[in-house]
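J.: upload.cif (mmCIF, C-alpha atoms) pasted underneath:
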```cif
data_entry
loop_
_atom_site.label_atom_id
_atom_site.label_comp_id
_atom_site.auth_asym_id
_atom_site.auth_seq_id
_atom_site.Cartn_x
_atom_site.Cartn_y
_atom_site.Cartn_z
CA MET A 24 -49.45 -37.00 -18.36
CA ILE A 25 -52.96 -38.43 -18.67
CA SER A 26 -54.06 -39.92 -15.37
CA THR A 27 -56.46 -42.85 -15.16
CA ALA A 28 -56.63 -42.92 -11.41
CA ALA A 29 -59.46 -40.41 -11.03
CA GLY A 30 -62.41 -42.65 -11.70
CA LEU A 31 -61.60 -45.99 -13.26
CA GLY A 32 -62.80 -47.82 -10.19
CA GLN A 33 -66.31 -46.56 -10.96
CA GLY A 34 -66.25 -48.64 -14.13
CA GLY A 35 -65.50 -51.87 -12.30
CA PRO A 36 -62.34 -53.95 -11.91
CA ASP A 37 -62.49 -55.37 -15.44
CA LEU A 38 -62.47 -51.92 -17.00
CA ALA A 39 -59.61 -50.73 -14.76
CA ALA A 40 -57.49 -53.76 -15.64
CA LEU A 41 -58.11 -53.44 -19.37
CA VAL A 42 -57.35 -49.73 -19.49
CA GLU A 43 -54.13 -50.17 -17.53
CA ALA A 44 -53.06 -52.93 -19.93
CA VAL A 45 -52.62 -50.41 -22.76
CA SER A 46 -48.95 -50.14 -23.80
CA ALA A 47 -47.38 -46.94 -25.13
CA THR A 48 -44.29 -48.92 -26.11
CA ARG A 49 -46.29 -51.15 -28.45
CA MET A 50 -48.04 -48.20 -30.02
CA HIS A 51 -44.90 -46.22 -30.65
CA ALA A 52 -43.36 -49.28 -32.26
CA THR A 53 -46.34 -49.40 -34.64
CA VAL A 54 -45.91 -45.73 -35.49
CA ARG A 55 -42.21 -46.22 -36.24
CA GLU A 56 -42.99 -49.25 -38.39
CA LEU A 57 -45.60 -47.51 -40.53
CA ALA A 58 -43.42 -44.40 -40.90
CA ASP A 59 -40.48 -46.50 -42.11
CA ASP A 60 -38.83 -45.84 -45.47
CA ARG A 61 -40.09 -49.08 -46.98
CA TYR A 62 -43.71 -47.85 -46.89
CA ALA A 63 -42.80 -44.63 -48.76
CA GLY A 64 -45.57 -42.56 -47.19
CA ARG A 65 -48.32 -45.18 -47.75
CA ARG A 66 -50.14 -43.50 -50.64
CA VAL A 67 -53.20 -45.40 -51.84
CA GLY A 68 -52.35 -47.87 -54.60
CA SER A 69 -48.60 -47.59 -54.14
CA PRO A 70 -46.31 -50.53 -53.27
CA GLY A 71 -45.76 -48.94 -49.87
CA GLY A 72 -49.48 -48.61 -49.25
CA ARG A 73 -50.09 -52.24 -50.17
CA ALA A 74 -47.21 -53.35 -47.93
CA ALA A 75 -48.71 -51.42 -45.01
CA ALA A 76 -52.07 -53.13 -45.54
CA SER A 77 -50.39 -56.55 -45.50
CA TRP A 78 -48.46 -55.73 -42.34
CA LEU A 79 -51.62 -54.61 -40.55
CA ALA A 80 -53.53 -57.69 -41.67
CA GLU A 81 -50.80 -59.87 -40.19
CA ARG A 82 -50.86 -58.01 -36.88
CA LEU A 83 -54.63 -58.35 -36.60
CA GLY A 84 -54.39 -62.03 -37.44
CA ASP A 85 -51.86 -62.42 -34.63
CA LEU A 86 -54.58 -61.16 -32.26
CA GLY A 87 -56.91 -63.98 -33.28
CA ALA A 88 -59.21 -61.90 -35.44
CA GLN A 89 -60.97 -63.00 -38.61
CA VAL A 90 -59.21 -60.78 -41.17
CA GLN A 91 -60.41 -59.75 -44.61
CA VAL A 92 -58.76 -57.44 -47.16
CA LEU A 93 -61.07 -55.93 -49.77
CA GLU A 94 -60.05 -53.82 -52.77
CA PHE A 95 -61.87 -51.00 -54.55
CA ASP A 96 -61.21 -48.50 -57.33
CA VAL A 97 -60.00 -44.99 -56.55
CA ALA A 98 -60.01 -42.35 -59.30
CA GLY A 99 -58.55 -38.85 -59.48
CA VAL A 100 -55.49 -39.45 -57.29
CA ARG A 101 -52.84 -36.78 -57.86
CA GLU A 102 -49.44 -38.31 -58.54
CA LEU A 103 -46.33 -36.15 -58.50
CA TYR A 104 -43.98 -38.28 -60.60
CA ALA A 105 -40.96 -35.95 -60.66
CA THR A 106 -39.73 -32.97 -58.66
CA PRO A 107 -41.27 -29.73 -59.98
CA VAL A 108 -39.05 -26.83 -61.01
CA LEU A 109 -39.64 -23.13 -60.38
CA GLU A 110 -37.15 -20.30 -60.81
CA TRP A 111 -37.29 -16.67 -61.78
CA SER A 112 -34.91 -14.06 -63.11
CA GLY A 113 -35.01 -10.30 -62.82
CA ALA A 114 -32.57 -7.42 -62.48
CA GLY A 115 -29.70 -9.67 -63.51
CA GLN A 116 -30.31 -12.28 -60.79
CA THR A 117 -31.77 -15.80 -60.92
CA ARG A 118 -33.48 -17.36 -57.93
CA HIS A 119 -34.06 -21.10 -57.69
CA LEU A 120 -37.07 -21.94 -55.52
CA GLU A 121 -37.40 -25.04 -53.33
CA HIS A 122 -40.35 -27.35 -53.78
CA ARG A 123 -42.56 -27.65 -50.70
CA ARG A 124 -40.74 -24.74 -49.02
CA ASP A 125 -41.18 -21.96 -51.60
CA PHE A 126 -43.77 -23.44 -53.95
CA VAL A 127 -46.08 -26.41 -54.28
CA GLU A 128 -48.37 -28.11 -56.79
CA HIS A 129 -51.87 -26.69 -57.10
CA LEU A 130 -54.39 -29.53 -57.20
CA ALA A 131 -56.24 -28.01 -60.16
CA SER A 132 -53.06 -27.80 -62.23
CA ALA A 133 -52.74 -29.20 -65.72
CA GLU A 134 -49.78 -31.49 -66.27
CA LEU A 135 -46.57 -29.75 -67.34
CA PRO A 136 -43.89 -32.45 -67.49
CA HIS A 137 -41.01 -30.27 -68.73
CA PRO A 138 -39.87 -26.79 -67.68
CA ARG A 139 -41.48 -23.91 -69.58
CA THR A 140 -39.76 -20.51 -69.72
CA ALA A 141 -41.71 -17.30 -70.35
CA LEU A 142 -42.13 -13.74 -69.16
CA LEU A 143 -44.29 -13.11 -66.11
CA THR A 144 -47.24 -10.69 -66.13
CA LYS A 145 -49.95 -9.70 -63.67
CA VAL A 146 -53.66 -10.44 -63.99
CA PRO A 147 -55.17 -7.74 -66.22
CA LYS A 148 -57.15 -5.09 -64.41
CA THR A 149 -60.91 -4.95 -64.94
CA ASP A 150 -62.73 -1.75 -65.90
CA SER A 151 -65.21 -1.14 -63.07
CA GLY A 152 -67.77 0.25 -65.51
CA THR A 153 -67.66 -2.30 -68.33
CA GLY A 154 -66.19 -5.35 -66.63
CA SER A 155 -63.69 -5.73 -69.49
CA GLU A 156 -59.93 -6.03 -69.15
CA THR A 157 -57.98 -2.81 -69.58
CA GLY A 158 -54.41 -1.80 -70.30
CA SER A 159 -51.58 -3.30 -72.32
CA GLU A 160 -51.31 -6.35 -70.04
CA THR A 161 -54.29 -8.11 -71.62
CA GLY A 162 -52.01 -10.11 -73.91
CA LEU A 163 -51.31 -13.26 -71.87
CA ARG A 164 -50.35 -15.61 -74.69
CA GLY A 165 -47.23 -17.57 -73.83
CA ARG A 166 -46.75 -15.83 -70.46
CA TRP A 167 -46.86 -16.88 -66.84
CA VAL A 168 -49.63 -15.00 -65.01
CA LEU A 169 -49.26 -13.82 -61.39
CA ALA A 170 -52.57 -14.01 -59.48
CA ASP A 171 -53.52 -13.76 -55.83
CA ALA A 172 -55.95 -15.86 -53.79
CA THR A 173 -58.95 -13.82 -54.95
CA THR A 174 -58.09 -13.56 -58.67
CA TRP A 175 -56.62 -16.95 -59.50
CA GLY A 176 -59.92 -18.31 -60.84
CA ARG A 177 -60.34 -15.43 -63.29
CA ALA A 178 -56.63 -15.66 -64.10
CA CYS A 179 -57.09 -19.32 -65.05
CA GLU A 180 -60.02 -18.48 -67.32
CA LEU A 181 -58.05 -15.76 -69.08
CA ALA A 182 -54.94 -17.92 -69.27
CA GLU A 183 -56.91 -20.76 -70.85
CA ALA A 184 -58.61 -18.45 -73.34
CA GLN A 185 -55.35 -16.75 -74.36
CA SER A 186 -53.02 -19.80 -74.23
CA ALA A 187 -50.87 -18.52 -71.39
CA ALA A 188 -47.90 -20.53 -70.15
CA GLY A 189 -49.42 -21.00 -66.72
CA VAL A 190 -50.68 -19.33 -63.55
CA LEU A 191 -48.91 -18.57 -60.27
CA THR A 192 -51.07 -18.11 -57.19
CA VAL A 193 -50.40 -17.85 -53.45
CA ARG A 194 -50.65 -20.36 -50.61
CA GLY A 195 -49.51 -20.20 -47.00
CA THR A 196 -47.15 -22.43 -45.04
CA ASP A 197 -47.45 -24.20 -41.72
CA ALA A 198 -45.67 -23.08 -38.54
CA ASP A 199 -42.52 -24.93 -39.60
CA GLY A 200 -42.40 -23.26 -43.00
CA TRP A 201 -43.63 -26.26 -45.01
CA MET A 202 -46.36 -26.31 -47.64
CA PRO A 203 -48.36 -29.50 -46.89
CA LYS A 204 -49.01 -32.08 -49.58
CA MET A 205 -52.49 -33.12 -50.75
CA ILE A 206 -53.55 -35.64 -53.37
CA ALA A 207 -57.27 -34.92 -53.90
CA GLY A 208 -58.85 -31.78 -55.22
CA PRO A 209 -60.99 -30.05 -57.84
CA PRO A 210 -61.02 -30.99 -61.53
CA ALA A 211 -57.88 -30.05 -63.44
CA ARG A 212 -57.80 -26.81 -65.40
CA ALA A 213 -56.38 -26.51 -68.91
CA VAL A 214 -53.31 -24.58 -67.74
CA PRO A 215 -50.54 -25.38 -65.25
CA ILE A 216 -51.05 -23.75 -61.84
CA ILE A 217 -48.30 -23.39 -59.24
CA ALA A 218 -48.80 -22.04 -55.71
CA VAL A 219 -46.02 -20.01 -54.09
CA ARG A 220 -45.65 -18.95 -50.49
CA PRO A 221 -46.68 -15.37 -49.62
CA GLU A 222 -43.13 -13.98 -49.41
CA VAL A 223 -42.27 -15.30 -52.87
CA HIS A 224 -45.53 -13.94 -54.27
CA ARG A 225 -44.77 -10.50 -52.83
CA HIS A 226 -41.21 -10.50 -54.20
CA LEU A 227 -42.47 -11.44 -57.67
CA GLY A 228 -45.00 -8.60 -57.60
CA GLU A 229 -42.36 -6.10 -56.53
CA ALA A 230 -39.94 -7.31 -59.18
CA LEU A 231 -42.63 -6.93 -61.86
CA ASP A 232 -43.23 -3.35 -60.76
CA ASN A 233 -39.55 -2.62 -61.41
CA GLY A 234 -38.90 -4.45 -64.67
CA LEU A 235 -39.15 -7.68 -66.61
CA VAL A 236 -39.35 -11.03 -64.82
CA GLN A 237 -38.76 -14.35 -66.53
CA MET A 238 -40.18 -17.54 -65.04
CA THR A 239 -39.24 -21.16 -65.62
CA GLY A 240 -41.57 -23.77 -64.20
CA SER A 241 -42.69 -27.37 -64.52
CA MET A 242 -45.49 -29.33 -62.85
CA PRO A 243 -45.13 -33.10 -63.42
CA LEU A 244 -48.49 -33.83 -61.81
CA ARG A 245 -51.01 -36.29 -63.25
CA GLN A 246 -54.26 -37.88 -62.15
CA ILE A 247 -54.39 -41.66 -61.92
CA THR A 248 -56.89 -44.38 -61.12
CA THR A 249 -55.65 -47.01 -58.71
CA ARG A 250 -56.85 -49.63 -56.23
CA GLY A 251 -57.39 -49.12 -52.53
CA ARG A 252 -57.27 -51.83 -49.86
CA ASN A 253 -59.36 -51.84 -46.70
CA VAL A 254 -58.31 -54.19 -43.90
CA TYR A 255 -61.13 -55.53 -41.74
CA ALA A 256 -60.79 -57.63 -38.60
CA ARG A 257 -63.71 -59.14 -36.73
CA PHE A 258 -63.29 -60.23 -33.14
CA PRO A 259 -66.12 -62.73 -32.53
CA ARG A 260 -68.32 -61.88 -29.56
CA THR A 261 -67.89 -64.12 -26.53
CA GLU A 262 -71.37 -64.94 -25.26
CA THR A 263 -70.47 -66.93 -22.16
CA GLY A 264 -72.15 -65.42 -19.16
CA SER A 265 -74.60 -63.35 -21.24
CA HIS A 266 -78.33 -63.79 -21.07
CA ARG A 267 -79.61 -65.51 -24.20
CA GLY A 268 -83.24 -65.02 -25.17
CA GLY A 269 -85.47 -67.65 -26.69
CA ASP A 270 -84.83 -66.30 -30.18
CA GLY A 271 -81.08 -66.74 -29.75
CA SER A 272 -80.39 -63.05 -29.15
CA VAL A 273 -78.02 -61.91 -26.44
CA GLY A 274 -79.62 -59.91 -23.66
CA GLY A 275 -78.58 -56.46 -22.48
CA ASN A 276 -76.13 -54.54 -24.69
CA ALA A 277 -73.99 -57.54 -25.63
CA GLY A 278 -75.57 -57.61 -29.11
CA LEU A 279 -74.05 -54.26 -30.03
CA ARG A 280 -71.81 -54.01 -33.08
CA VAL A 281 -68.90 -51.63 -32.65
CA VAL A 282 -66.41 -50.55 -35.31
CA LEU A 283 -63.11 -48.90 -34.39
CA SER A 284 -61.68 -47.35 -37.52
CA ALA A 285 -58.63 -45.38 -38.62
CA HIS A 286 -57.18 -44.69 -42.04
CA TYR A 287 -53.67 -46.00 -42.61
CA ASP A 288 -52.90 -44.29 -45.92
CA GLY A 289 -50.83 -41.16 -46.30
CA VAL A 290 -50.18 -38.76 -49.17
CA GLY A 291 -47.03 -40.61 -50.19
CA ASP A 292 -43.42 -39.52 -50.48
CA ASP A 293 -42.33 -36.86 -52.92
CA PRO A 294 -39.92 -38.07 -55.63
CA ASP A 295 -36.97 -36.66 -53.69
CA ARG A 296 -38.30 -36.22 -50.15
CA ARG A 297 -39.80 -38.42 -47.42
CA LEU A 298 -43.23 -37.75 -45.95
CA PRO A 299 -43.42 -40.34 -43.13
CA ALA A 300 -47.09 -39.75 -42.20
CA ALA A 301 -46.43 -40.62 -38.56
CA ALA A 302 -49.16 -38.44 -37.06
CA ASP A 303 -51.64 -38.70 -39.95
CA ASN A 304 -52.46 -41.37 -39.39
CA ALA A 305 -49.97 -43.96 -38.14
CA SER A 306 -50.71 -42.63 -34.66
CA GLY A 307 -54.44 -43.32 -34.96
CA VAL A 308 -53.82 -46.76 -36.41
CA ALA A 309 -51.44 -47.58 -33.57
CA ALA A 310 -54.01 -46.61 -30.92
CA VAL A 311 -56.80 -48.62 -32.60
CA LEU A 312 -54.53 -51.67 -32.99
CA GLU A 313 -53.56 -51.51 -29.32
CA ALA A 314 -57.17 -51.06 -28.23
CA ALA A 315 -58.08 -54.14 -30.27
CA ARG A 316 -55.30 -56.14 -28.61
CA VAL A 317 -56.61 -55.23 -25.18
CA LEU A 318 -60.27 -55.72 -26.05
CA ALA A 319 -59.54 -59.14 -27.55
CA ALA A 320 -58.92 -60.25 -23.96
CA ALA A 321 -62.09 -58.61 -22.62
CA PRO A 322 -64.38 -60.67 -20.39
CA PRO A 323 -67.51 -62.36 -21.82
CA GLY A 324 -70.38 -60.13 -22.83
CA ALA A 325 -68.35 -57.40 -24.54
CA PRO A 326 -69.78 -55.98 -27.78
CA GLU A 327 -68.95 -57.53 -31.13
CA LEU A 328 -65.87 -55.63 -32.28
CA THR A 329 -64.68 -54.92 -35.79
CA VAL A 330 -61.51 -53.02 -36.61
CA ALA A 331 -61.39 -51.23 -39.95
CA PHE A 332 -58.09 -49.92 -41.23
CA LEU A 333 -59.14 -47.78 -44.15
CA ASP A 334 -57.38 -46.79 -47.34
CA ALA A 335 -57.79 -43.72 -49.61
CA GLU A 336 -58.87 -41.26 -46.91
CA GLU A 337 -56.39 -38.76 -48.31
CA ALA A 338 -57.88 -39.26 -51.78
CA GLY A 339 -61.43 -38.45 -50.66
CA ALA A 340 -62.30 -40.92 -47.87
CA TRP A 341 -63.22 -43.63 -50.35
CA GLY A 342 -62.33 -46.51 -48.03
CA SER A 343 -65.04 -45.53 -45.56
CA VAL A 344 -67.54 -45.03 -48.38
CA HIS A 345 -67.13 -48.66 -49.37
CA HIS A 346 -67.17 -49.92 -45.79
CA ALA A 347 -70.16 -47.90 -44.60
CA ALA A 348 -72.39 -49.29 -47.34
CA ALA A 349 -71.83 -52.84 -46.08
CA LEU A 350 -72.58 -52.26 -42.38
CA PRO A 351 -75.86 -53.06 -40.56
CA PRO A 352 -77.79 -49.91 -39.64
CA ASP A 353 -77.36 -50.43 -35.89
CA THR A 354 -73.54 -50.39 -36.07
CA LEU A 355 -71.70 -47.91 -33.84
CA VAL A 356 -68.55 -46.36 -35.30
CA ILE A 357 -65.67 -44.56 -33.59
CA ASN A 358 -63.07 -43.20 -36.01
CA LEU A 359 -59.68 -41.99 -34.79
CA ASP A 360 -57.78 -39.59 -37.04
CA GLY A 361 -54.68 -38.35 -35.29
CA ALA A 362 -53.39 -39.33 -31.85
CA ALA A 363 -50.04 -37.59 -31.80
CA GLN A 364 -50.23 -34.42 -29.74
CA LEU A 365 -53.05 -33.79 -27.27
CA HIS A 366 -53.12 -30.15 -26.25
CA GLU A 367 -56.09 -28.85 -24.27
CA ALA A 368 -58.59 -31.50 -25.36
CA ALA A 369 -59.41 -34.09 -27.99
CA ALA A 370 -61.68 -32.87 -30.78
CA VAL A 371 -64.95 -34.80 -31.12
CA GLU A 372 -67.55 -34.68 -33.88
CA ALA A 373 -70.74 -36.77 -33.72
CA GLY A 374 -72.93 -37.64 -36.70
CA GLY A 375 -75.97 -39.78 -37.38
CA PRO A 376 -77.98 -41.22 -34.46
CA ALA A 377 -74.99 -40.97 -32.12
CA HIS A 378 -76.50 -39.43 -28.97
CA ALA A 379 -76.11 -42.55 -26.81
CA LEU A 380 -72.65 -43.32 -28.22
CA LEU A 381 -71.53 -39.76 -27.53
CA ALA A 382 -72.79 -39.98 -23.94
CA THR A 383 -70.79 -43.19 -23.45
CA LEU A 384 -67.67 -41.60 -24.94
CA ASP A 385 -68.08 -38.67 -22.57
CA ARG A 386 -68.36 -41.01 -19.58
CA ALA A 387 -65.29 -42.94 -20.73
CA ALA A 388 -63.36 -39.67 -21.10
CA ARG A 389 -64.19 -38.64 -17.53
CA LEU A 390 -63.16 -42.02 -16.17
CA THR A 391 -59.85 -42.06 -18.06
CA GLY A 392 -59.06 -38.38 -17.55
CA VAL A 393 -59.12 -37.44 -21.26
CA PRO A 394 -60.51 -33.94 -21.89
CA LEU A 395 -62.91 -33.59 -24.82
CA LYS A 396 -64.23 -30.66 -26.83
CA ALA A 397 -66.60 -30.33 -29.77
CA GLY A 398 -64.60 -29.80 -32.93
CA ALA A 399 -64.73 -30.40 -36.67
CA MET A 400 -63.36 -33.80 -37.71
CA ALA A 401 -63.39 -33.93 -41.50
CA SER A 402 -62.44 -37.56 -41.86
CA ASP A 403 -63.92 -41.02 -42.42
CA ASN A 404 -66.43 -40.52 -39.60
CA ARG A 405 -68.47 -38.28 -41.90
CA ARG A 406 -68.84 -41.02 -44.51
CA TYR A 407 -70.27 -43.38 -41.87
CA ALA A 408 -72.62 -40.67 -40.61
CA ALA A 409 -73.77 -39.94 -44.17
CA ALA A 410 -74.73 -43.62 -44.46
CA GLY A 411 -77.05 -43.20 -41.46
CA LEU A 412 -74.80 -44.85 -38.89
CA ALA A 413 -74.06 -43.59 -35.39
CA SER A 414 -70.58 -42.22 -35.91
CA ILE A 415 -68.07 -40.28 -33.86
CA GLY A 416 -64.79 -38.82 -35.07
CA VAL A 417 -62.00 -38.21 -32.57
CA GLY A 418 -58.77 -36.30 -33.19
CA MET A 419 -55.81 -35.69 -30.91
CA GLY A 420 -53.40 -33.65 -33.00
CA MET A 421 -51.16 -34.07 -36.05
CA PRO A 422 -47.87 -32.16 -35.70
CA GLY A 423 -46.10 -31.75 -39.03
CA TYR A 424 -49.32 -32.56 -40.89
CA GLN A 425 -48.56 -33.92 -44.39
CA THR A 426 -45.03 -32.56 -44.52
CA PRO A 427 -41.52 -34.03 -44.15
CA ALA A 428 -41.64 -32.90 -40.50
CA GLU A 429 -44.36 -35.45 -39.63
CA THR A 430 -41.91 -37.83 -37.97
CA PRO A 431 -42.35 -40.50 -35.26
CA ASP A 432 -40.45 -38.48 -32.66
CA ARG A 433 -43.27 -35.93 -32.70
CA VAL A 434 -45.87 -38.51 -31.71
CA GLN A 435 -46.29 -38.24 -27.94
CA PRO A 436 -46.57 -41.51 -25.95
CA ASP A 437 -48.99 -39.88 -23.51
CA THR A 438 -51.33 -38.99 -26.35
CA LEU A 439 -51.24 -42.53 -27.70
CA LEU A 440 -52.10 -43.77 -24.21
CA ALA A 441 -54.97 -41.31 -23.93
CA ALA A 442 -56.42 -42.38 -27.28
CA ALA A 443 -56.21 -46.12 -26.74
CA ARG A 444 -57.54 -45.91 -23.18
CA LEU A 445 -60.46 -43.80 -24.33
CA LEU A 446 -61.35 -46.36 -27.00
CA VAL A 447 -61.08 -49.31 -24.63
CA ALA A 448 -63.17 -47.62 -21.94
CA THR A 449 -65.86 -46.54 -24.40
CA VAL A 450 -66.31 -50.02 -25.87
CA MET A 451 -66.47 -51.62 -22.43
CA LEU A 452 -68.92 -49.07 -21.05
CA LEU A 453 -71.31 -49.77 -23.91
CA THR A 454 -72.17 -53.05 -22.15
CA THR A 455 -73.33 -51.31 -18.96
#
```
Represent the structure from my file as structure tokens, please.

T.:
Amino acid sequence: MISTAAGLGQGGPDLAALVEAVSATRMHATVRELADDRYAGRRVGSPGGRAAASWLAERLGDLGAQVQVLEFDVAGVRELYATPVLEWSGAGQTRHLEHRRDFVEHLASAELPHPRTALLTKVPKTDSGTGSETGSETGLRGRWVLADATTWGRACELAEAQSAAGVLTVRGTDADGWMPKMIAGPPARAVPIIAVRPEVHRHLGEALDNGLVQMTGSMPLRQITTRGRNVYARFPRTETGSHRGGDGSVGGNAGLRVVLSAHYDGVGDDPDRRLPAAADNASGVAAVLEAARVLAAAPPGAPELTVAFLDAEEAGAWGSVHHAAALPPDTLVINLDGAAQLHEAAAVEAGGPAHALLATLDRAARLTGVPLKAGAMASDNRRYAAAGLASIGVGMGMPGYQTPAETPDRVQPDTLLAAARLLVATVMLLTT
């Protein structure tokens, strides 16, 4: 349990009251809402993603914010429009493999809408002296090719040159045995590519050593261009009680512009399986929304606050690219990606001219009892930093990351509290 008793009094009575006003019940309700079936995993450009944007805009409007929804193009989104098939036969037995447990789409795969059946072969060996392929296995035409993590690139080149049926490579699973879903990746190759879990890859290699193996596989994966929707909410600064200079500026730190951001999109449901996206990133959205509710009631002199709920993070962080370009250079950004399961400490990554913002975050963490550690946060915060803005990314865990196991029950109320309290305290301390 995160304790706020250790030092909140040092931040003054207003800070203590605001931090204690944070509600875990409200946040968990937001997580359950966004993980509901009707949003279908919230993939950018999907009906579920658009519905989530509308719901968030309404909630921000309820808080008295000035809300704006802006659209932008997103290209190269991977869309799995049917359930892939993969099975193999050898030694008189046929084994049907389960999508997302035993195999998964490779993001560089060419589209293969219908099952293709062919014999399986290994990647040809290379002569160490000449660099050329050796042995009778050089004929790949019409065959599936078994490659490992180090040879799949060469296997693709050979498969493309010799009109192979496709390439099988290897990919690991998470601790729960799932193969996470992704929707952004490298350019597509000219052959289908399917990734199988290590045990399946090993069994296929052993079966090939003992006889013929026949594979049947499909990969109904295409790249689409769609529209993303960012949701912005501005909470006008209350200037009562602040010192106003002769030029109309507000004295002290009350003129600061602060953005609290979180992406609301997910990778989207599979055709036959739910991916609720509760941790990534309904949890972060819930904490930012709750922090905004509390900060909307902050006393006069608080910084100008903008909330940005961003789309298309899973497709390449395009929502933050569009937002960052429109922000004044003195804007401070705190991005929250994941607030579901705080272990030893929250991961923090600072970018741009963020020294003062990082010092304030550290002070807020000590006052609210939230442990921090330096850690990589490859999310929207990097797009803001690349635009020259002071930007900090914070992450507090994503159990079940991008799999069917990413459900609301795995989002811890204590972690939601820690995240929202940290945001509230940081924004308020920026005025001191």

J.: Mind giving me the straight-line distance from atom CA of A:Asp334 to atom CA of A:Lys204 in Å, one decimal?

T.: 17.1 Å

J.: Kindly give the distance, in Å, that separates atom CA of A:Arg245 and atom CA of A:Arg61, rounded to a single decimal.

T.: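 Straight-line distance from atom CA of A:Arg245 to atom CA of A:Arg61 works out to 23.4 Å.
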
J.: Can you measure atom CA of A:Pro294 to atom CA of A:Ile216 for me? One decimal in Å is fine.

T.: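 For atom CA of A:Pro294 relative to atom CA of A:Ile216, the distance reads 19.2 Å.
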
J.: Run the PyMOL selection byres ((chain A and resi 438-444) around 8) against the file shown and list the residues it catches, as an NGL selection string.

T.: :A and (25 or 42-43 or 45-47 or 50-51 or 306-307 or 309-311 or 313-314 or 362-365 or 391 or 393 or 419 or 434-437 or 445-448)

J.: Please write the residues from the selection above to a file, keeping C-alpha atoms, as a compact mmCIF listing (two decimals), in the frame of the given file.

T.:
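Dumped everything to again-v1.txt:
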```txt
# COMPACT_ATOMS: atom_id res chain seq x y z
CA ILE A 25 -52.96 -38.43 -18.67
CA VAL A 42 -57.35 -49.73 -19.49
CA GLU A 43 -54.13 -50.17 -17.53
CA VAL A 45 -52.62 -50.41 -22.76
CA SER A 46 -48.95 -50.14 -23.80
CA ALA A 47 -47.38 -46.94 -25.13
CA MET A 50 -48.04 -48.20 -30.02
CA HIS A 51 -44.90 -46.22 -30.65
CA SER A 306 -50.71 -42.63 -34.66
CA GLY A 307 -54.44 -43.32 -34.96
CA ALA A 309 -51.44 -47.58 -33.57
CA ALA A 310 -54.01 -46.61 -30.92
CA VAL A 311 -56.80 -48.62 -32.60
CA GLU A 313 -53.56 -51.51 -29.32
CA ALA A 314 -57.17 -51.06 -28.23
CA ALA A 362 -53.39 -39.33 -31.85
CA ALA A 363 -50.04 -37.59 -31.80
CA GLN A 364 -50.23 -34.42 -29.74
CA LEU A 365 -53.05 -33.79 -27.27
CA THR A 391 -59.85 -42.06 -18.06
CA VAL A 393 -59.12 -37.44 -21.26
CA MET A 419 -55.81 -35.69 -30.91
CA VAL A 434 -45.87 -38.51 -31.71
CA GLN A 435 -46.29 -38.24 -27.94
CA PRO A 436 -46.57 -41.51 -25.95
CA ASP A 437 -48.99 -39.88 -23.51
CA LEU A 445 -60.46 -43.80 -24.33
CA LEU A 446 -61.35 -46.36 -27.00
CA VAL A 447 -61.08 -49.31 -24.63
CA ALA A 448 -63.17 -47.62 -21.94
```

J.: Can you tell me which residues surround stretch 222-239 of chain A at a distance of at most 6 Å, considering all atoms listed in the file, apart from same-chain residues fewer than 6 positions away, and format the answer as number ranges by chain?

T.: A: 109-113, 139-143

J.: Rank nothing, just name the residue among A:Arg252, A:Thr454, A:Gly411, A:Asn304 nearest to A:Ala349, using only C-alpha atoms.

T.: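 Checking each candidate against A:Ala349, we get A:Gly411 as the closest.
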
J.: Around all listed atoms of stretch 294-305 of chain A, padded 4 Å per side, what centre and edge lengths does the axis-aligned box have in Å to one decimal, as JSON?

T.:
```
{"center_x": -44.7, "center_y": -40.1, "center_z": -46.3, "size_x": 23.5, "size_y": 15.7, "size_z": 26.6}
```

J.: Determine the nearest neighbour of A:Ala410 from the options A:Leu350, A:Ala369, A:Leu181, A:Ala325, counting only C-alpha atoms.

T.: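 Counting only C-alpha atoms, the residue closest to A:Ala410 is A:Leu350.
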
J.: Translate the PyMOL selection byres ((chain A and resi 165) around 7) into a concrete residue list for this structure, as a PyMOL selection string.

T.: chain A and resi 141+163-164+166+186-188

J.: Once the PyMOL selection byres ((chain A and resi 169) around 6) has been evaluated on this model, what residues remain selected, and can you format them as a PyMOL selection string?

T.: chain A and resi 145+168+170+191
